[in-house]
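Everything on this sheet refers to the single structure shown next.
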Amino acid sequence: MSIWTRGAAAVATLTFDVDAETPILAEGRRYAEQPMVMSHQSYGPDVGVPRILDLLDEMSIPATFFVPGWVAEQRPGLAASIVERGHEVAHHSYSHRPPTSLPPGAERADFERALDVFTAQGIDIVGHRAAMWSASLETHSLVREYGLHYDSSLMGDDRPYHVDTPLGRVVELPVHWSLDDWEQYAYLPEPRIGSVIESPVKVEEMWRAELDGMRHYHCLFNLCMHPFLTGRPGRMLALRNLIAYAQEQGDVTFARCRDVAEWAREDTDTPTRPLPTYDIDESVYPH
């Protein structure tokens, strides 16, 4: 068994992307004038995060909260309230605009602006997750340049791996759409962020199946949730049931992403996987 699992069959990282209003504003600042839409998003940090923190306390589970700099700036006590409960706050852009959508130079400016917010608030940042998981070919170099230890945006494995950059290695804690509550719960008529509201019972069943598979193959169960989605009452009960199920198995370790990244760095068997870049023949793929 790999050293990074610390003897567990699987390691579970509960991660919460505290996006709040930023994904909607990234679609157009005109939505700031629509109270229904804005309240749908503000529910996350204002109601969902405190509820989630209470559940994590109750079940003695550490977690990682990926917070856009804009959200931390608008709510100055939010990041500190998370850290004070023993959890990790990590970098999730400033504006929640996908790096792959930005013009040259804009990703760096956005990345640095978020770091400035956390530095001003005294929040120690060692990890990063790209908005919409849409890392660019520059993202990992920025992570390394600014002294962060890990990224969590790619899907090249279901265990931690290294990504090489010109400045050195970055640990990647891979994600997947099947372990994202956005695909299960997100719905707004405009902007259209999703169109299906699944039953929490179905979602819990799916995530249990994924956890069982990862226990069998000794993987990283990197669950991505959003407080404005999973923070709703019925969904919180499903999350509680999932945590209890994992604890009952006796072979699942819950950890913050920063801790898993450190375990992966110490494990000499952690593989290195290149960024998936290709020399594309324009005669075959003209666009």
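Each chain in the structure tokens gets a letter, A, B, ..., in the order shown, and its residues are numbered from 1; ligands are numbered from 1 in order too.
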
Could you pull the residues within 9 Å of A:Ser141, counting only C-alpha atoms, minus those fewer than 3 positions along the same chain, as a PDB file with N, CA, C and O atoms, in the first residue's frame?
ATOM      1  N   LEU A 137      -2.489  26.083 -19.192  1.00  0.00           N
ATOM      2  CA  LEU A 137      -1.132  25.548 -19.236  1.00  0.00           C
ATOM      3  C   LEU A 137      -0.177  26.361 -18.362  1.00  0.00           C
ATOM      4  O   LEU A 137       0.951  25.925 -18.122  1.00  0.00           O
ATOM      5  N   GLU A 138      -0.627  27.508 -17.858  1.00  0.00           N
ATOM      6  CA  GLU A 138       0.205  28.347 -16.991  1.00  0.00           C
ATOM      7  C   GLU A 138      -0.096  28.149 -15.513  1.00  0.00           C
ATOM      8  O   GLU A 138       0.684  28.556 -14.655  1.00  0.00           O
ATOM      9  N   ARG A 144       3.424  26.998  -8.363  1.00  0.00           N
ATOM     10  CA  ARG A 144       4.797  26.776  -7.902  1.00  0.00           C
ATOM     11  C   ARG A 144       5.532  28.093  -7.658  1.00  0.00           C
ATOM     12  O   ARG A 144       6.250  28.247  -6.661  1.00  0.00           O
ATOM     13  N   GLU A 145       5.377  29.055  -8.556  1.00  0.00           N
ATOM     14  CA  GLU A 145       6.076  30.337  -8.434  1.00  0.00           C
ATOM     15  C   GLU A 145       5.760  31.027  -7.119  1.00  0.00           C
ATOM     16  O   GLU A 145       6.645  31.644  -6.495  1.00  0.00           O
ATOM     17  N   TYR A 146       4.518  30.940  -6.684  1.00  0.00           N
ATOM     18  CA  TYR A 146       4.115  31.640  -5.473  1.00  0.00           C
ATOM     19  C   TYR A 146       4.183  30.768  -4.218  1.00  0.00           C
ATOM     20  O   TYR A 146       3.641  31.120  -3.176  1.00  0.00           O
ATOM     21  N   ASP A 164       5.138  18.427 -13.253  1.00  0.00           N
ATOM     22  CA  ASP A 164       6.372  19.192 -13.394  1.00  0.00           C
ATOM     23  C   ASP A 164       6.095  20.554 -14.008  1.00  0.00           C
ATOM     24  O   ASP A 164       5.310  20.687 -14.948  1.00  0.00           O
ATOM     25  N   THR A 165       6.760  21.577 -13.473  1.00  0.00           N
ATOM     26  CA  THR A 165       6.732  22.918 -14.055  1.00  0.00           C
ATOM     27  C   THR A 165       8.182  23.364 -14.217  1.00  0.00           C
ATOM     28  O   THR A 165       9.092  22.755 -13.650  1.00  0.00           O
ATOM     29  N   PRO A 166       8.434  24.435 -14.961  1.00  0.00           N
ATOM     30  CA  PRO A 166       9.810  24.932 -15.091  1.00  0.00           C
ATOM     31  C   PRO A 166      10.441  25.309 -13.753  1.00  0.00           C
ATOM     32  O   PRO A 166      11.672  25.377 -13.647  1.00  0.00           O
ATOM     33  N   LEU A 167       9.614  25.538 -12.730  1.00  0.00           N
ATOM     34  CA  LEU A 167      10.119  25.953 -11.426  1.00  0.00           C
ATOM     35  C   LEU A 167      10.158  24.816 -10.420  1.00  0.00           C
ATOM     36  O   LEU A 167      10.577  25.013  -9.280  1.00  0.00           O
ATOM     37  N   GLY A 168       9.701  23.633 -10.820  1.00  0.00           N
ATOM     38  CA  GLY A 168       9.680  22.492  -9.912  1.00  0.00           C
ATOM     39  C   GLY A 168       8.332  21.800  -9.913  1.00  0.00           C
ATOM     40  O   GLY A 168       7.422  22.179 -10.651  1.00  0.00           O
ATOM     41  N   ARG A 169       8.217  20.806  -9.057  1.00  0.00           N
ATOM     42  CA  ARG A 169       7.013  19.980  -9.017  1.00  0.00           C
ATOM     43  C   ARG A 169       5.894  20.597  -8.180  1.00  0.00           C
ATOM     44  O   ARG A 169       6.144  21.297  -7.200  1.00  0.00           O
ATOM     45  N   VAL A 170       4.663  20.271  -8.595  1.00  0.00           N
ATOM     46  CA  VAL A 170       3.460  20.597  -7.834  1.00  0.00           C
ATOM     47  C   VAL A 170       2.685  19.301  -7.638  1.00  0.00           C
ATOM     48  O   VAL A 170       2.544  18.518  -8.578  1.00  0.00           O
TER      49      VAL A 170
END

Write out, as JSON lines, each residue of stretch 17-61 of chain A that has an atom at most 12 Å from stretch 68-74 of chain A, together with the closest pair of atoms and their distance in Å to one decimal, counting only C-alpha atoms, rows going by chain and rising number.
{"residue": "A:Asp17", "atom": "CA", "partner": "A:Pro68", "partner_atom": "CA", "distance": 8.3}
{"residue": "A:Val18", "atom": "CA", "partner": "A:Pro68", "partner_atom": "CA", "distance": 7.1}
{"residue": "A:Asp19", "atom": "CA", "partner": "A:Pro68", "partner_atom": "CA", "distance": 6.3}
{"residue": "A:Ala20", "atom": "CA", "partner": "A:Val71", "partner_atom": "CA", "distance": 6.7}
{"residue": "A:Glu21", "atom": "CA", "partner": "A:Val71", "partner_atom": "CA", "distance": 7.7}
{"residue": "A:Thr22", "atom": "CA", "partner": "A:Val71", "partner_atom": "CA", "distance": 7.4}
{"residue": "A:Pro23", "atom": "CA", "partner": "A:Pro68", "partner_atom": "CA", "distance": 10.0}
{"residue": "A:Leu25", "atom": "CA", "partner": "A:Trp70", "partner_atom": "CA", "distance": 10.7}
{"residue": "A:Ala26", "atom": "CA", "partner": "A:Trp70", "partner_atom": "CA", "distance": 11.4}
{"residue": "A:Gln41", "atom": "CA", "partner": "A:Val71", "partner_atom": "CA", "distance": 11.1}
{"residue": "A:Ser42", "atom": "CA", "partner": "A:Val71", "partner_atom": "CA", "distance": 9.8}
{"residue": "A:Gly44", "atom": "CA", "partner": "A:Val71", "partner_atom": "CA", "distance": 10.7}
{"residue": "A:Pro45", "atom": "CA", "partner": "A:Val71", "partner_atom": "CA", "distance": 8.6}
{"residue": "A:Asp46", "atom": "CA", "partner": "A:Val71", "partner_atom": "CA", "distance": 11.2}

Among stretch 103-245 of chain A, which residues does DSSP mark as strand (DSSP E) when it is run on the backbone? Keep the chain and numbering as in the structure and answer as a PyMOL selection string.
chain A and resi 127-128+150-151+161-165+168-172+220-225

A:Ala261, A:Leu242, A:Ala255, A:Leu102: which is nearest A:Val126, counting only C-alpha atoms?
A:Ala261

Contacts of A:His40 within 12 Å, only C-alpha atoms, excl. fewer than 4 positions in-chain, as a ChimeraX atom specification:
/A:19-24,31-32,34-36,44-48,186-191,193,227-229,231-232

Please, could you write that set of residues out with N, CA, C and O atoms as a compact mmCIF listing (two decimals), in the first residue's frame?
# COMPACT_ATOMS: atom_id res chain seq x y z
N ASP A 19 -18.01 29.53 -3.39
CA ASP A 19 -18.05 30.43 -4.53
C ASP A 19 -18.94 31.64 -4.31
O ASP A 19 -18.72 32.71 -4.89
N ALA A 20 -20.00 31.47 -3.52
CA ALA A 20 -20.96 32.54 -3.26
C ALA A 20 -21.42 33.18 -4.58
O ALA A 20 -21.78 32.47 -5.52
N GLU A 21 -21.33 34.49 -4.69
CA GLU A 21 -21.88 35.18 -5.86
C GLU A 21 -20.97 35.14 -7.09
O GLU A 21 -21.40 35.49 -8.19
N THR A 22 -19.71 34.71 -6.91
CA THR A 22 -18.73 34.89 -7.99
C THR A 22 -19.05 34.15 -9.29
O THR A 22 -18.83 34.73 -10.37
N PRO A 23 -19.56 32.92 -9.29
CA PRO A 23 -19.85 32.29 -10.59
C PRO A 23 -20.92 33.03 -11.38
O PRO A 23 -20.90 33.02 -12.62
N ILE A 24 -21.84 33.66 -10.66
CA ILE A 24 -22.91 34.40 -11.32
C ILE A 24 -22.39 35.73 -11.86
O ILE A 24 -22.68 36.11 -13.00
N TYR A 31 -26.27 40.67 -13.08
CA TYR A 31 -27.01 39.81 -12.15
C TYR A 31 -26.97 40.34 -10.72
O TYR A 31 -27.78 39.93 -9.89
N ALA A 32 -26.05 41.26 -10.43
CA ALA A 32 -26.01 41.87 -9.11
C ALA A 32 -27.29 42.63 -8.80
O ALA A 32 -27.58 42.90 -7.63
N GLN A 34 -30.27 41.45 -9.46
CA GLN A 34 -31.36 40.48 -9.38
C GLN A 34 -31.32 39.80 -8.01
O GLN A 34 -30.55 38.86 -7.79
N PRO A 35 -32.15 40.25 -7.06
CA PRO A 35 -32.09 39.75 -5.69
C PRO A 35 -32.29 38.24 -5.55
O PRO A 35 -31.66 37.61 -4.69
N MET A 36 -33.16 37.63 -6.36
CA MET A 36 -33.35 36.19 -6.23
C MET A 36 -32.05 35.45 -6.53
O MET A 36 -31.62 34.56 -5.78
N GLY A 44 -24.88 30.34 0.45
CA GLY A 44 -23.73 29.48 0.69
C GLY A 44 -22.89 29.93 1.88
O GLY A 44 -22.80 29.21 2.89
N PRO A 45 -22.25 31.10 1.81
CA PRO A 45 -21.43 31.52 2.94
C PRO A 45 -22.23 31.94 4.17
O PRO A 45 -21.76 31.76 5.30
N ASP A 46 -23.45 32.43 3.97
CA ASP A 46 -24.20 32.98 5.09
C ASP A 46 -24.95 31.91 5.90
O ASP A 46 -25.09 32.04 7.12
N VAL A 47 -25.42 30.88 5.23
CA VAL A 47 -26.18 29.81 5.90
C VAL A 47 -25.45 28.46 5.80
O VAL A 47 -25.30 27.76 6.79
N GLY A 48 -25.01 28.12 4.59
CA GLY A 48 -24.41 26.81 4.37
C GLY A 48 -23.11 26.60 5.12
O GLY A 48 -22.91 25.55 5.75
N ALA A 186 -27.22 21.72 -8.96
CA ALA A 186 -27.23 23.12 -9.40
C ALA A 186 -28.38 23.40 -10.36
O ALA A 186 -28.56 22.70 -11.35
N TYR A 187 -29.15 24.44 -10.04
CA TYR A 187 -30.24 24.85 -10.94
C TYR A 187 -30.50 26.34 -10.75
O TYR A 187 -30.64 26.84 -9.63
N LEU A 188 -30.52 27.05 -11.84
CA LEU A 188 -31.05 28.41 -11.93
C LEU A 188 -31.59 28.56 -13.35
O LEU A 188 -30.99 28.07 -14.29
N PRO A 189 -32.72 29.26 -13.50
CA PRO A 189 -33.21 29.49 -14.86
C PRO A 189 -32.32 30.43 -15.65
O PRO A 189 -32.15 30.27 -16.86
N GLU A 190 -31.73 31.45 -14.94
CA GLU A 190 -30.82 32.38 -15.60
C GLU A 190 -29.94 33.05 -14.55
O GLU A 190 -30.48 33.56 -13.56
N PRO A 191 -28.62 33.02 -14.74
CA PRO A 191 -27.90 32.30 -15.79
C PRO A 191 -28.03 30.80 -15.58
O PRO A 191 -28.18 30.34 -14.45
N ILE A 193 -26.91 27.64 -14.79
CA ILE A 193 -25.75 26.99 -14.20
C ILE A 193 -25.96 25.48 -14.05
O ILE A 193 -25.05 24.76 -13.64
N PRO A 227 -21.30 25.18 -0.67
CA PRO A 227 -22.23 25.45 0.43
C PRO A 227 -23.61 25.93 0.00
O PRO A 227 -24.59 25.68 0.70
N PHE A 228 -23.73 26.60 -1.16
CA PHE A 228 -25.06 27.04 -1.59
C PHE A 228 -25.88 25.87 -2.12
O PHE A 228 -27.10 25.98 -2.28
N LEU A 229 -25.22 24.72 -2.37
CA LEU A 229 -25.90 23.53 -2.85
C LEU A 229 -26.03 22.49 -1.74
O LEU A 229 -27.13 22.18 -1.27
N GLY A 231 -25.30 22.77 1.28
CA GLY A 231 -25.74 23.36 2.55
C GLY A 231 -27.23 23.31 2.79
O GLY A 231 -27.69 23.61 3.89
N ARG A 232 -28.03 22.92 1.79
CA ARG A 232 -29.47 22.78 1.97
C ARG A 232 -29.76 21.60 2.92
O ARG A 232 -29.01 20.61 2.96

Rank nothing, just name the residue among A:Arg273, A:Arg256, A:Arg6, A:His287 nearest to A:Val83, using only C-alpha atoms.
A:Arg256

Students should find that atom CA of A:Pro104 and atom CA of A:Met155 are spaced 24.3 Å

One decimal, in Å: what's the spacing between atom CA of A:Trp182 and atom CA of A:Glu204?
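Computing it gives 13.8 Å between the two atoms.
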
Close residues, A:Gly156 itself excluded, 10 Å, only C-alpha atoms, min 4 positions apart in chain, as JSON, numbers by chain
{"A": [160, 161, 172, 173, 174, 175, 176, 273, 274, 275, 276]}

What lies within 8 Å of A:Leu53 using only C-alpha atoms, ignoring chain neighbours under 4 positions off, as a list in words?
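My list of contacting residues is Val49, Asp57, Ile82 and Arg85 of chain A.
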
Just-selected residues, N, CA and C atoms written as a CSV table (one decimal), in the first residue's frame:
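Ended up saving to selection04.csv:
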chain,number,residue,atom,x,y,z
A,49,VAL,N,-22.2,27.6,5.1
A,49,VAL,CA,-20.9,27.4,5.7
A,49,VAL,C,-21.0,27.2,7.2
A,57,ASP,N,-17.6,19.7,13.0
A,57,ASP,CA,-17.3,19.6,14.5
A,57,ASP,C,-17.9,18.4,15.1
A,82,ILE,N,-13.3,29.8,9.4
A,82,ILE,CA,-13.0,28.5,9.0
A,82,ILE,C,-11.7,27.9,9.6
A,85,ARG,N,-11.7,26.9,13.2
A,85,ARG,CA,-12.4,25.6,13.5
A,85,ARG,C,-11.5,24.4,13.1

Mind giving me the straight-line distance from atom CA of A:His128 to atom CA of A:Glu198 in Å, one decimal?
28.5 Å

Those in stretch 121-244 of chain A with alpha helix (DSSP H) from DSSP, as JSON, numbers by chain:
{"A": [139, 140, 141, 142, 143, 144, 145, 182, 183, 184, 185, 200, 201, 202, 203, 204, 205, 206, 207, 208, 209, 210, 211, 212, 213, 214, 215, 216, 217, 227, 228, 229, 230, 233, 234, 235, 236, 237, 238, 239, 240, 241, 242, 243, 244]}

Which residue is closest to A:Leu56? Choose from A:Phe118, A:Phe16, A:Trp207, A:Phe111 and count only C-alpha atoms.
A:Phe16

Please determine, counting only C-alpha atoms, which residue among A:Thr253, A:Val171, A:Tyr245, A:Ser81 has the shortest atom-to-atom distance to A:Pro50.
A:Ser81

Distance criterion (only C-alpha atoms): nearest to A:His91 out of A:Met206, A:Ala9, A:Cys257, A:Leu211:
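Smallest distance to A:His91 is found for A:Cys257.
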
Rank nothing, just name the residue among A:Leu154, A:Met225, A:Val201, A:Leu55 nearest to A:His140, using only C-alpha atoms.
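Going through A:Leu154, A:Met225, A:Val201, A:Leu55 one by one, the smallest distance to A:His140 is for A:Leu154.
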